[in-house]
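Chemist: One structure follows; several queries about it will come next.
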Protein chains: 4
Amino acid sequence: MLVVMKGGATQKEIDAVVARIQEFGITPVPLPGAERMAIGTFGATSRAAAEAVESLPGVSEVVPVSRPFKLASREVIPEDTVVAVDGVPVGGSSPLAVIAGPCSVESRDQLLATARAVRAAGATIMRGGAFKPRSSPYTFRGLGPEGLELLSEARAETGLAICTEVLSPGDVDAVSQVADCLQIGARNMQNFALLDAVGEQPRPVLLKRGISATVEELLLSAEYVLAKGNRNVILCERGIRTFEKYTRNTFDVSAIPLLKRLTHLPVIGDPSHGTGKWYLVAPVALAAVAAGVDGLLVEVHPSPDHALSDGFESLTFENFADLMTKVSAVAGAIGRPVHAAARA
Amino acid sequence: MLVVMKGGATQKEIDAVVARIQEFGITPVPLPGAERMAIGTFGATSRAAAEAVESLPGVSEVVPVSRPFKLASREVIPEDTVVAVDGVPVGGSSPLAVIAGPCSVESRDQLLATARAVRAAGATIMRGGAFKPRSSPYTFRGLGPEGLELLSEARAETGLAICTEVLSPGDVDAVSQVADCLQIGARNMQNFALLDAVGEQPRPVLLKRGISATVEELLLSAEYVLAKGNRNVILCERGIRTFEKYTRNTFDVSAIPLLKRLTHLPVIGDPSHGTGKWYLVAPVALAAVAAGVDGLLVEVHPSPDHALSDGFESLTFENFADLMTKVSAVAGAIGRPVHAAARA
Amino acid sequence: MLVVMKGGATQKEIDAVVARIQEFGITPVPLPGAERMAIGTFGATSRAAAEAVESLPGVSEVVPVSRPFKLASREVIPEDTVVAVDGVPVGGSSPLAVIAGPCSVESRDQLLATARAVRAAGATIMRGGAFKPRSSPYTFRGLGPEGLELLSEARAETGLAICTEVLSPGDVDAVSQVADCLQIGARNMQNFALLDAVGEQPRPVLLKRGISATVEELLLSAEYVLAKGNRNVILCERGIRTFEKYTRNTFDVSAIPLLKRLTHLPVIGDPSHGTGKWYLVAPVALAAVAAGVDGLLVEVHPSPDHALSDGFESLTFENFADLMTKVSAVAGAIGRPVHAAARA
Amino acid sequence: MLVVMKGGATQKEIDAVVARIQEFGITPVPLPGAERMAIGTFGATSRAAAEAVESLPGVSEVVPVSRPFKLASREVIPEDTVVAVDGVPVGGSSPLAVIAGPCSVESRDQLLATARAVRAAGATIMRGGAFKPRSSPYTFRGLGPEGLELLSEARAETGLAICTEVLSPGDVDAVSQVADCLQIGARNMQNFALLDAVGEQPRPVLLKRGISATVEELLLSAEYVLAKGNRNVILCERGIRTFEKYTRNTFDVSAIPLLKRLTHLPVIGDPSHGTGKWYLVAPVALAAVAAGVDGLLVEVHPSPDHALSDGFESLTFENFADLMTKVSAVAGAIGRPVHAAARA
């Protein structure tokens, strides 16, 4: 860390900071500047040490140096992690993984029709919510266990792997027995009890960025899962909350190459939640591919205007198939392979 | 709701919207404008209806009219709710309730010393975290059950009521048996499984605003607890995330009078997390009082520079006592009573 | 507009709103809802009318219906505008226009070397600041008139068109005599005196989005220029300010297809300011192309680590040439032509 | 500055950084850490040096140490600056300065009636816009020179000092001849040509914070005016742009004590623009006073629902008089004097 003293800090205050740093077993190095003193340190420092020093008289600010995430860091693990979702590889030089399906599982017909359509267009993993987080307690919260059964049936018929959200530590076991990949939604990115719970089960975890989470906080939440022993984490950029209200969220496309630089974990993009408008999904999906994602998460519904949730951002089967053709072209332009079906 | 059609919407598109609205049992009212058609509705509308219509061809946007929260709304319940925390009233014309204590329970000595000091200065409820949410898995996460025991002991000695955070549905029973008020932290404001769980137990709930939650979302989260039958919810403004980085968060002081207008629930302010800098706590606490809060939540620590978490935003005993004197003066200026000890 | 009354609004209050709307020559239409009354209007409404009504007792909110921009709107002018910058077409189905060069004009050598390099790589317009807006008064503010002369010389030698920023109404004449396109920077997007001034001169205007400007505000600022008679406006997404601090700004890639839908004006992207990190420029540039931009604005410098401003976000000649190859591939994948040099 | 190297930086990269720092005449100090090397510096550093180093291979980030503002800094000028606006002192231990009046000057009757009313209630400076910045070119942009004449007439009759906005360097002379204080609006906070121009004339300058400006950027903009020789700058917090849309802006109350700590310049608050809702103006004004402002800027209009701009956030005469009584009480509670009229 670097401790920056105030302009008028006294020698006594500087000495106190030096002594306090030494109490933590860290070696301080005074660095006099033109207008103020700074104190650097040799060796690893804890947040506790940084906070302790930050409160001392005469201290202006404390700047951390080492990154707080470890197992998620590319500095610690340089090679790309490839996560296998029921045999479908995500990350590294694997083909672009397209996860598609409805926001919510609503009925057998809706789910099976969608599964067949997205498989035909080139998706290899199906998404669909059985447990739905909703801002209001008065809206549809998902079919629950019945939804899980329908997902299982859809997998049996189509061969698609299944990715579905889990909302509570108490549901992790039940979801883990059915799903091939457990999704942690944006609202739960810092639900640490839930992160611990999915870290202790064997399925891969799809971790979505919180709507106001920094890239560093996303990596720290991944660190929770990794630290429990589950090394199969897929990160997902899905838009952040900003002042702009025309779109539901602002898709942070620069987070994609930034994450690829900072971490070895696979990174995918969700243009459906990222924009909230079906007519923006395709251009933003293509942008994500061009920026280097390892996969896409796309909402598809047989009849978006009859969807029980998020219909406005869902693609029809036709629009999804059209998108897959374009995705294939852009992926090809940057040298990324796609699955055979998508090229068809 | 109001459905706004695009400028060039055809009569056929308009007719389809009118028909789709009728399918939901709602009466549409066409409203031709200078440049485009709009369609208003009579009667209550669901979000499903709004979303269904929003996806139709020719529709530009759908504007909701009715507020989505009900039990939290002052329109539904006009009179102020007064929440009793182990006999300490919060809200309405009750004296300003000051909840004070350390960020984390660290030891018996730390907790008891702080409890005595804040009681002497006029606080009537003690705060202290036994279960701590932390961005990084490698930092101190609280003493857990041992922390709850220490809180119980501190209550026995000082007579202060206890408010402490609960992080997971699985811990709600244990925390509810000790605490007089259960805190839902900012990161869990949309942890709906947890909201359901605290809604089903009898203790009051202190619900903190998420760092990027709108006022409406805060009220919808309160609605989760209220809808489960627990009507004792205290709302807490604690700062939102913005581009400004000098402060840890931006304390949204205008949310206080806004919430008091929209809801009958008590509203308190947390200037410690709201600013993240001990030297800003006192002026922002006074601002919150002047803006009309029903109470304050303040971090106090015997030795902030030795705290295991959030030391930089904690007040010393002396600074807290000094703040209470000023709080008493400002509360008096706007006609708000304070507890006797705070006036001493 | 739609006037939403409060839940408990009296008939007298409703009547007053109806009467006030009529004073503005607008026809009000009462729309009773389940919980509250709303009042729609026939005919065009002014902001003055909306504001007048918004202040009346019993009114909860006023929702505008018609869009506030006219000449910038695709509803008013459906066909794409193609802006010619000294003969280089931008917009419509024109080839992707690449504007490249240094942040600041620093010297003849620096400028000419860069001009030759970017032309060789396929750029057709050169950028370079002679007048620089800087947050601090103590940093380099540009060479001024001498910088304009150097730009003129570079055009003479290379044939590239010139785009350069103007900061003040008093400088518009001087800049307009040299530049082929006048840039309005993000900080001046709502400098209305400057917008008026560039609207009254004949050169095309490159209007950058303000760092906290909504898409609607950007279009309203374009409207200032258009309303003065200058119909050659190019819009530029260059990143917005959010809570994320890893990047200098958050490049709002979804604004590109959104703008293309709302307006007929050409839209370009600036990945250099949009990210602030040279290593993110290429992936974000490719994302912008995939999302449908009509052009790119890229900072290039012979020796970025010796640049007098914004060196950290500038590309070297080699990195720029490499980017152009990739841009050409992605543009091809979505069916967008590129200039011959870029394809070489 | 502190240069943080990447985890895997080579010795050669470190040596290159050390050498580059020395080229700027600065002494580098290597600081090996547990996971990476950092390099601190002795002596003052320029932004150019920081940027040069930031681009070198192996560098992770560069952290500045010295503050970039000088004349605005309390470290350089420790004593409070008291700005005299036509004899009315603002700042230091002066009585709270209340600047009140309409958003726009609309007519002689409107202005004179308002001037009399605000003087009677205790205001000592009148505000009123003759030149108005408006997002849309189609809305009322002020009376211009005629507005200035009416302001002059109002001053002659009431004795109130005048504060009015200037939008363009070309208008500075004209406005300076009439106004006692020149306001720079939020949209022009980084209009550097305008800052230079008001820095070269003798009247005090009221500088409003931009809607997405950091506290540091506000101080850097003040530095522009101070550096031109005009030392009479009043800073104004007026709300920032965030994701919350219930209020027009989010009033950043913590910026008040933060600014008072960082700078010697007077700081006032504008609760009218800061909230955008008349019913939030009073509680937020009281909050600003409790947080330590040196003055308030409040919009008052004889008939807010007939105002040509910003009517929804203006107070009536009666509400303003009521606010002044409360302001006086809160100011008294924190030991701040008020003008005699306000106490009456």
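Residues in the structure tokens are numbered from 1 in each chain, the chains being A, B, ... in the order shown, and ligands are numbered from 1 in the order shown.
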Please report as a tab-separated table every residue of chain D lying within 8 Å of chain B, along with the nearest atom pair and their distance in Å (one decimal), using only C-alpha atoms.

Modeler:
```
residue	atom	partner	partner_atom	distance
D:Ser212	CA	B:Phe243	CA	7.4
D:Ala213	CA	B:Glu244	CA	7.9
D:Thr214	CA	B:Glu244	CA	5.4
D:Val215	CA	B:Glu244	CA	7.4
D:Thr242	CA	B:Thr242	CA	6.1
D:Phe243	CA	B:Thr214	CA	7.4
D:Glu244	CA	B:Thr214	CA	5.4
D:Lys245	CA	B:Thr214	CA	7.8
D:Tyr246	CA	B:Val215	CA	7.6
D:Thr247	CA	B:Ser254	CA	7.9
D:Thr250	CA	B:Asp252	CA	6.3
D:Phe251	CA	B:Asp252	CA	6.6
D:Asp252	CA	B:Thr250	CA	6.3
D:Val253	CA	B:Val253	CA	6.6
D:Ser254	CA	B:Val284	CA	6.1
D:Pro257	CA	B:Leu280	CA	6.4
D:Leu258	CA	B:Leu280	CA	7.0
D:Thr275	CA	B:Ser254	CA	6.9
D:Leu280	CA	B:Pro257	CA	6.4
D:Pro283	CA	B:Ala291	CA	4.5
D:Val284	CA	B:Ala291	CA	5.9
D:Leu286	CA	B:Ala290	CA	5.5
D:Ala287	CA	B:Ala287	CA	3.9
D:Ala288	CA	B:Ala287	CA	6.3
D:Val289	CA	B:Ala287	CA	7.5
D:Ala290	CA	B:Ala287	CA	4.9
D:Ala291	CA	B:Pro283	CA	4.5
D:Gly292	CA	B:Pro283	CA	7.0
D:Lys326	CA	B:Ile334	CA	7.0
D:Ala329	CA	B:Ala333	CA	5.2
D:Val330	CA	B:Ala333	CA	5.3
D:Gly332	CA	B:Ala333	CA	7.9
D:Ala333	CA	B:Ala329	CA	5.2
D:Ile334	CA	B:Lys326	CA	7.0
```

Chemist: Report chain D as a compact mmCIF listing (two decimals) with C-alpha atoms, in the first residue's frame in the frame of chain B, after least-squares superposition over all C-alpha atoms paired in order.

Modeler:
```txt
# COMPACT_ATOMS: atom_id res chain seq x y z
CA MET D 1 -50.98 2.56 -18.19
CA LEU D 2 -50.42 4.77 -21.20
CA VAL D 3 -49.37 3.13 -24.45
CA VAL D 4 -47.50 5.50 -26.76
CA MET D 5 -47.49 4.44 -30.41
CA LYS D 6 -44.69 5.23 -32.85
CA GLY D 7 -45.05 8.17 -35.22
CA GLY D 8 -45.80 6.03 -38.23
CA ALA D 9 -47.92 3.36 -36.55
CA THR D 10 -50.60 1.99 -38.85
CA GLN D 11 -54.28 1.74 -37.99
CA LYS D 12 -53.88 -2.02 -38.02
CA GLU D 13 -51.14 -1.84 -35.39
CA ILE D 14 -53.28 0.47 -33.27
CA ASP D 15 -56.21 -1.92 -33.53
CA ALA D 16 -54.00 -4.82 -32.48
CA VAL D 17 -52.91 -2.94 -29.37
CA VAL D 18 -56.49 -2.10 -28.50
CA ALA D 19 -57.47 -5.73 -28.92
CA ARG D 20 -54.56 -7.01 -26.84
CA ILE D 21 -55.40 -4.65 -23.99
CA GLN D 22 -58.98 -5.88 -24.05
CA GLU D 23 -57.76 -9.50 -23.74
CA PHE D 24 -56.51 -8.55 -20.26
CA GLY D 25 -59.95 -7.27 -19.28
CA ILE D 26 -58.85 -3.66 -19.40
CA THR D 27 -60.64 -0.85 -21.24
CA PRO D 28 -58.48 1.03 -23.77
CA VAL D 29 -59.03 4.70 -24.63
CA PRO D 30 -57.41 6.00 -27.85
CA LEU D 31 -55.79 9.46 -27.46
CA PRO D 32 -54.67 10.89 -30.80
CA GLY D 33 -51.75 13.38 -30.47
CA ALA D 34 -50.13 15.86 -32.85
CA GLU D 35 -47.46 13.45 -33.91
CA ARG D 36 -48.53 10.09 -32.70
CA MET D 37 -51.33 8.12 -31.16
CA ALA D 38 -51.44 7.16 -27.49
CA ILE D 39 -53.80 4.74 -25.78
CA GLY D 40 -54.77 5.18 -22.13
CA THR D 41 -56.54 2.61 -19.99
CA PHE D 42 -59.31 2.54 -17.45
CA GLY D 43 -58.93 0.15 -14.55
CA ALA D 44 -56.01 -1.65 -12.89
CA THR D 45 -53.31 -3.08 -15.15
CA SER D 46 -50.78 -5.83 -14.49
CA ARG D 47 -47.11 -5.73 -15.39
CA ALA D 48 -47.79 -8.74 -17.61
CA ALA D 49 -50.29 -6.68 -19.58
CA ALA D 50 -47.84 -3.80 -19.88
CA GLU D 51 -45.09 -6.09 -21.10
CA ALA D 52 -47.35 -7.87 -23.52
CA VAL D 53 -48.40 -4.60 -25.11
CA GLU D 54 -44.86 -3.18 -25.11
CA SER D 55 -43.75 -5.89 -27.54
CA LEU D 56 -46.43 -5.30 -30.16
CA PRO D 57 -45.52 -3.80 -33.55
CA GLY D 58 -45.91 -0.03 -33.71
CA VAL D 59 -45.62 0.51 -29.95
CA SER D 60 -43.02 3.08 -28.87
CA GLU D 61 -43.32 2.81 -25.09
CA VAL D 62 -45.62 1.91 -22.24
CA VAL D 63 -45.84 4.22 -19.24
CA PRO D 64 -47.20 2.73 -16.01
CA VAL D 65 -49.62 4.82 -13.99
CA SER D 66 -50.44 3.02 -10.75
CA ARG D 67 -47.64 2.64 -8.22
CA PRO D 68 -46.44 -0.95 -7.89
CA PHE D 69 -46.17 -0.97 -4.09
CA LYS D 70 -49.29 -1.22 -1.99
CA LEU D 71 -48.85 -2.02 1.72
CA ALA D 72 -45.83 0.29 1.89
CA SER D 73 -47.73 3.15 0.30
CA ARG D 74 -49.00 6.14 2.20
CA GLU D 75 -51.93 6.22 -0.19
CA VAL D 76 -53.06 2.87 1.18
CA ILE D 77 -52.05 3.47 4.81
CA PRO D 78 -52.00 7.23 5.44
CA GLU D 79 -50.98 7.24 9.13
CA ASP D 80 -47.33 6.93 10.19
CA THR D 81 -46.31 3.46 11.31
CA VAL D 82 -44.50 3.46 14.66
CA VAL D 83 -42.23 0.44 15.01
CA ALA D 84 -41.39 -0.70 18.54
CA VAL D 85 -37.88 -2.16 18.91
CA ASP D 86 -37.98 -3.89 22.31
CA GLY D 87 -40.11 -1.01 23.54
CA VAL D 88 -38.19 1.78 21.81
CA PRO D 89 -40.60 3.53 19.40
CA VAL D 90 -39.29 4.50 15.96
CA GLY D 91 -41.31 6.72 13.61
CA GLY D 92 -44.32 9.02 13.79
CA SER D 93 -43.78 11.67 16.44
CA SER D 94 -41.53 9.46 18.56
CA PRO D 95 -38.23 10.89 19.75
CA LEU D 96 -35.37 10.55 17.30
CA ALA D 97 -34.06 6.97 17.65
CA VAL D 98 -30.29 6.67 17.68
CA ILE D 99 -28.86 3.24 16.92
CA ALA D 100 -25.12 3.14 17.59
CA GLY D 101 -22.30 0.68 18.01
CA PRO D 102 -19.44 -0.99 16.22
CA CYS D 103 -19.52 -2.25 12.64
CA SER D 104 -18.51 -5.73 13.87
CA VAL D 105 -18.71 -7.35 17.27
CA GLU D 106 -15.03 -8.09 17.90
CA SER D 107 -14.76 -8.90 21.63
CA ARG D 108 -16.61 -8.64 24.94
CA ASP D 109 -14.48 -5.66 26.01
CA GLN D 110 -14.97 -3.79 22.77
CA LEU D 111 -18.73 -4.36 22.74
CA LEU D 112 -19.46 -3.61 26.39
CA ALA D 113 -17.33 -0.47 26.43
CA THR D 114 -19.09 0.78 23.32
CA ALA D 115 -22.54 -0.10 24.64
CA ARG D 116 -21.93 1.87 27.83
CA ALA D 117 -20.55 4.83 25.94
CA VAL D 118 -23.37 5.09 23.41
CA ARG D 119 -26.02 4.65 26.10
CA ALA D 120 -24.44 7.42 28.13
CA ALA D 121 -24.51 9.69 25.10
CA GLY D 122 -28.20 9.06 24.39
CA ALA D 123 -28.46 6.07 22.07
CA THR D 124 -31.34 3.69 22.83
CA ILE D 125 -30.54 0.85 20.45
CA MET D 126 -27.18 -0.83 19.92
CA ARG D 127 -25.90 -2.04 16.57
CA GLY D 128 -23.12 -4.59 16.04
CA GLY D 129 -22.53 -7.19 13.35
CA ALA D 130 -22.09 -10.87 14.23
CA PHE D 131 -22.45 -11.97 10.60
CA LYS D 132 -20.64 -9.61 8.21
CA PRO D 133 -20.99 -9.41 4.43
CA ARG D 134 -17.59 -8.67 2.91
CA SER D 135 -16.64 -8.12 -0.74
CA SER D 136 -13.62 -10.37 -0.34
CA PRO D 137 -13.69 -13.91 1.05
CA TYR D 138 -10.35 -13.25 2.71
CA THR D 139 -11.47 -10.58 5.18
CA PHE D 140 -13.03 -10.90 8.65
CA ARG D 141 -16.60 -12.22 8.33
CA GLY D 142 -17.73 -11.78 11.92
CA LEU D 143 -17.80 -13.87 15.10
CA GLY D 144 -21.11 -15.55 14.20
CA PRO D 145 -23.07 -17.17 17.06
CA GLU D 146 -20.48 -16.04 19.60
CA GLY D 147 -21.15 -12.47 18.48
CA LEU D 148 -24.87 -12.95 19.11
CA GLU D 149 -24.12 -14.10 22.67
CA LEU D 150 -22.00 -11.04 23.32
CA LEU D 151 -24.80 -8.80 22.02
CA SER D 152 -27.22 -10.52 24.36
CA GLU D 153 -24.86 -9.95 27.26
CA ALA D 154 -24.49 -6.27 26.33
CA ARG D 155 -28.26 -5.87 26.31
CA ALA D 156 -28.56 -7.51 29.73
CA GLU D 157 -26.04 -5.11 31.17
CA THR D 158 -27.06 -1.85 29.51
CA GLY D 159 -30.75 -2.26 28.72
CA LEU D 160 -30.15 -1.19 25.13
CA ALA D 161 -32.21 -2.93 22.46
CA ILE D 162 -30.19 -4.85 19.86
CA CYS D 163 -30.15 -4.53 16.09
CA THR D 164 -27.96 -6.93 14.10
CA GLU D 165 -27.66 -8.13 10.54
CA VAL D 166 -28.83 -11.46 9.15
CA LEU D 167 -27.28 -12.73 5.90
CA SER D 168 -29.02 -15.96 5.05
CA PRO D 169 -32.49 -17.50 5.40
CA GLY D 170 -30.86 -20.34 7.37
CA ASP D 171 -29.69 -17.92 10.07
CA VAL D 172 -32.97 -16.07 10.55
CA ASP D 173 -34.20 -18.23 13.41
CA ALA D 174 -30.98 -17.97 15.37
CA VAL D 175 -30.70 -14.22 14.92
CA SER D 176 -34.39 -13.67 15.62
CA GLN D 177 -34.05 -15.41 18.99
CA VAL D 178 -31.47 -12.89 20.15
CA ALA D 179 -32.00 -9.65 18.23
CA ASP D 180 -34.73 -7.07 18.84
CA CYS D 181 -34.45 -5.90 15.25
CA LEU D 182 -33.07 -7.78 12.20
CA GLN D 183 -31.04 -5.77 9.76
CA ILE D 184 -31.10 -6.56 6.02
CA GLY D 185 -27.95 -5.06 4.55
CA ALA D 186 -27.67 -3.11 1.32
CA ARG D 187 -26.23 -6.05 -0.62
CA ASN D 188 -29.24 -8.18 0.35
CA MET D 189 -31.98 -5.65 -0.36
CA GLN D 190 -33.10 -7.80 -3.28
CA ASN D 191 -32.31 -11.18 -1.72
CA PHE D 192 -35.95 -12.15 -1.95
CA ALA D 193 -35.60 -15.49 -0.14
CA LEU D 194 -34.18 -13.58 2.82
CA LEU D 195 -36.92 -10.94 2.66
CA ASP D 196 -39.53 -13.69 2.70
CA ALA D 197 -37.82 -15.29 5.72
CA VAL D 198 -37.67 -12.13 7.83
CA GLY D 199 -41.26 -11.39 6.82
CA GLU D 200 -42.31 -14.63 8.49
CA GLN D 201 -40.72 -13.98 11.90
CA PRO D 202 -41.97 -11.50 14.50
CA ARG D 203 -39.08 -9.06 15.05
CA PRO D 204 -38.93 -5.65 13.37
CA VAL D 205 -36.80 -5.43 10.24
CA LEU D 206 -34.34 -2.65 9.43
CA LEU D 207 -34.12 -2.63 5.62
CA LYS D 208 -31.17 -0.79 4.11
CA ARG D 209 -31.35 0.67 0.63
CA GLY D 210 -29.17 -1.13 -1.92
CA ILE D 211 -26.27 0.87 -3.27
CA SER D 212 -27.92 1.19 -6.65
CA ALA D 213 -31.54 0.74 -5.67
CA THR D 214 -34.11 3.35 -6.58
CA VAL D 215 -36.51 4.60 -3.94
CA GLU D 216 -39.22 2.61 -5.67
CA GLU D 217 -37.20 -0.61 -5.52
CA LEU D 218 -36.56 -0.04 -1.79
CA LEU D 219 -40.30 0.24 -1.24
CA LEU D 220 -40.93 -2.90 -3.32
CA SER D 221 -38.45 -4.80 -1.16
CA ALA D 222 -40.25 -3.54 1.95
CA GLU D 223 -43.42 -4.80 0.29
CA TYR D 224 -41.98 -8.34 0.33
CA VAL D 225 -41.67 -8.23 4.12
CA LEU D 226 -45.04 -6.54 4.63
CA ALA D 227 -46.78 -8.99 2.30
CA LYS D 228 -45.62 -11.90 4.52
CA GLY D 229 -47.40 -10.31 7.47
CA ASN D 230 -44.57 -8.48 9.25
CA ARG D 231 -45.65 -4.85 9.31
CA ASN D 232 -42.69 -3.56 11.34
CA VAL D 233 -40.23 -2.36 8.73
CA ILE D 234 -37.80 0.54 9.20
CA LEU D 235 -36.22 1.91 6.01
CA CYS D 236 -32.65 3.17 5.96
CA GLU D 237 -30.95 5.55 3.53
CA ARG D 238 -27.23 4.70 3.54
CA GLY D 239 -25.78 6.24 0.43
CA ILE D 240 -25.88 5.23 -3.21
CA ARG D 241 -23.14 4.48 -5.70
CA THR D 242 -22.31 7.32 -8.07
CA PHE D 243 -19.32 8.49 -10.11
CA GLU D 244 -17.99 10.55 -7.17
CA LYS D 245 -15.16 8.61 -5.52
CA TYR D 246 -14.04 10.97 -2.78
CA THR D 247 -16.77 9.56 -0.59
CA ARG D 248 -17.49 5.84 -0.27
CA ASN D 249 -21.09 6.44 -1.31
CA THR D 250 -23.24 9.49 -2.02
CA PHE D 251 -25.72 10.03 0.81
CA ASP D 252 -29.05 10.74 -0.89
CA VAL D 253 -30.50 13.22 1.59
CA SER D 254 -33.48 14.01 -0.63
CA ALA D 255 -34.59 10.38 -0.35
CA ILE D 256 -35.55 11.12 3.25
CA PRO D 257 -38.38 13.61 2.63
CA LEU D 258 -39.30 11.70 -0.53
CA LEU D 259 -39.73 8.44 1.39
CA LYS D 260 -41.66 10.20 4.16
CA ARG D 261 -44.05 11.41 1.47
CA LEU D 262 -44.45 8.07 -0.31
CA THR D 263 -44.64 5.73 2.67
CA HIS D 264 -45.91 5.53 6.25
CA LEU D 265 -42.89 3.48 7.36
CA PRO D 266 -40.18 5.03 9.57
CA VAL D 267 -37.06 6.26 7.75
CA ILE D 268 -33.61 6.49 9.30
CA GLY D 269 -30.23 7.58 7.97
CA ASP D 270 -26.80 5.94 8.15
CA PRO D 271 -24.15 8.66 7.74
CA SER D 272 -21.32 6.20 8.47
CA HIS D 273 -21.73 4.00 5.40
CA GLY D 274 -23.28 6.94 3.60
CA THR D 275 -19.97 8.78 3.56
CA GLY D 276 -17.24 6.31 4.54
CA LYS D 277 -15.19 9.05 6.19
CA TRP D 278 -15.44 9.69 9.93
CA TYR D 279 -14.97 13.42 9.47
CA LEU D 280 -18.09 13.63 7.28
CA VAL D 281 -20.31 11.59 9.63
CA ALA D 282 -21.35 14.45 11.92
CA PRO D 283 -22.34 17.03 9.28
CA VAL D 284 -24.23 14.41 7.25
CA ALA D 285 -25.97 13.10 10.40
CA LEU D 286 -27.14 16.64 11.19
CA ALA D 287 -28.28 17.05 7.58
CA ALA D 288 -30.33 13.85 7.86
CA VAL D 289 -31.97 15.11 11.05
CA ALA D 290 -32.77 18.46 9.44
CA ALA D 291 -34.27 16.63 6.46
CA GLY D 292 -36.64 14.75 8.74
CA VAL D 293 -35.32 11.28 9.60
CA ASP D 294 -36.93 9.26 12.37
CA GLY D 295 -33.57 7.98 13.56
CA LEU D 296 -29.85 7.54 12.89
CA LEU D 297 -27.57 4.53 12.57
CA VAL D 298 -24.02 5.45 13.57
CA GLU D 299 -20.83 3.40 13.80
CA VAL D 300 -18.90 3.92 17.04
CA HIS D 301 -15.73 2.12 18.06
CA PRO D 302 -13.45 2.45 21.11
CA SER D 303 -10.42 2.72 18.85
CA PRO D 304 -11.38 3.19 15.19
CA ASP D 305 -7.84 2.71 13.94
CA HIS D 306 -7.79 -0.80 15.45
CA ALA D 307 -11.22 -1.85 14.13
CA LEU D 308 -11.38 -5.10 12.14
CA SER D 309 -13.78 -3.51 9.64
CA ASP D 310 -14.83 -0.04 8.53
CA GLY D 311 -12.62 1.72 11.07
CA PHE D 312 -12.23 4.73 8.86
CA GLU D 313 -15.88 5.63 9.12
CA SER D 314 -16.35 4.98 12.86
CA LEU D 315 -16.59 7.69 15.48
CA THR D 316 -14.71 7.61 18.78
CA PHE D 317 -16.77 7.77 21.99
CA GLU D 318 -15.88 11.41 22.33
CA ASN D 319 -16.87 12.32 18.79
CA PHE D 320 -20.13 10.43 19.21
CA ALA D 321 -21.01 12.26 22.41
CA ASP D 322 -20.23 15.53 20.69
CA LEU D 323 -22.43 14.56 17.75
CA MET D 324 -25.33 13.72 20.07
CA THR D 325 -25.23 17.22 21.54
CA LYS D 326 -25.44 18.74 18.08
CA VAL D 327 -28.13 16.28 16.95
CA SER D 328 -30.19 17.33 19.94
CA ALA D 329 -29.88 21.00 18.97
CA VAL D 330 -30.84 20.46 15.32
CA ALA D 331 -33.70 18.14 16.25
CA GLY D 332 -34.96 20.82 18.61
CA ALA D 333 -34.79 23.42 15.85
CA ILE D 334 -37.21 21.43 13.68
CA GLY D 335 -39.46 20.45 16.58
CA ARG D 336 -38.40 16.82 16.89
CA PRO D 337 -38.07 15.44 20.43
CA VAL D 338 -34.94 13.55 21.55
CA HIS D 339 -34.43 11.10 24.37
CA ALA D 340 -33.59 12.54 27.75
CA ALA D 341 -30.06 11.13 27.79
CA ALA D 342 -29.24 12.85 24.52
CA ARG D 343 -30.27 16.18 25.95
CA ALA D 344 -28.19 15.82 29.08
```

Chemist: Based on the backbone DSSP call, show me all residues of range 75-296 of chain B assigned strand (DSSP E or B), as a PyMOL selection string.

Modeler: chain B and resi 83-85+88-90+97-101+104+125-127+129+161-165+181-184+205-208+233-237+240+250+252+263+267-269+295-296

Chemist: Using DSSP on the backbone, list every residue of range 10-238 of chain C that comes out as alpha helix (DSSP H), and give them as a PyMOL selection string.

Modeler: chain C and resi 11-23+47-54+108-121+145-158+172-178+192-199+215-227
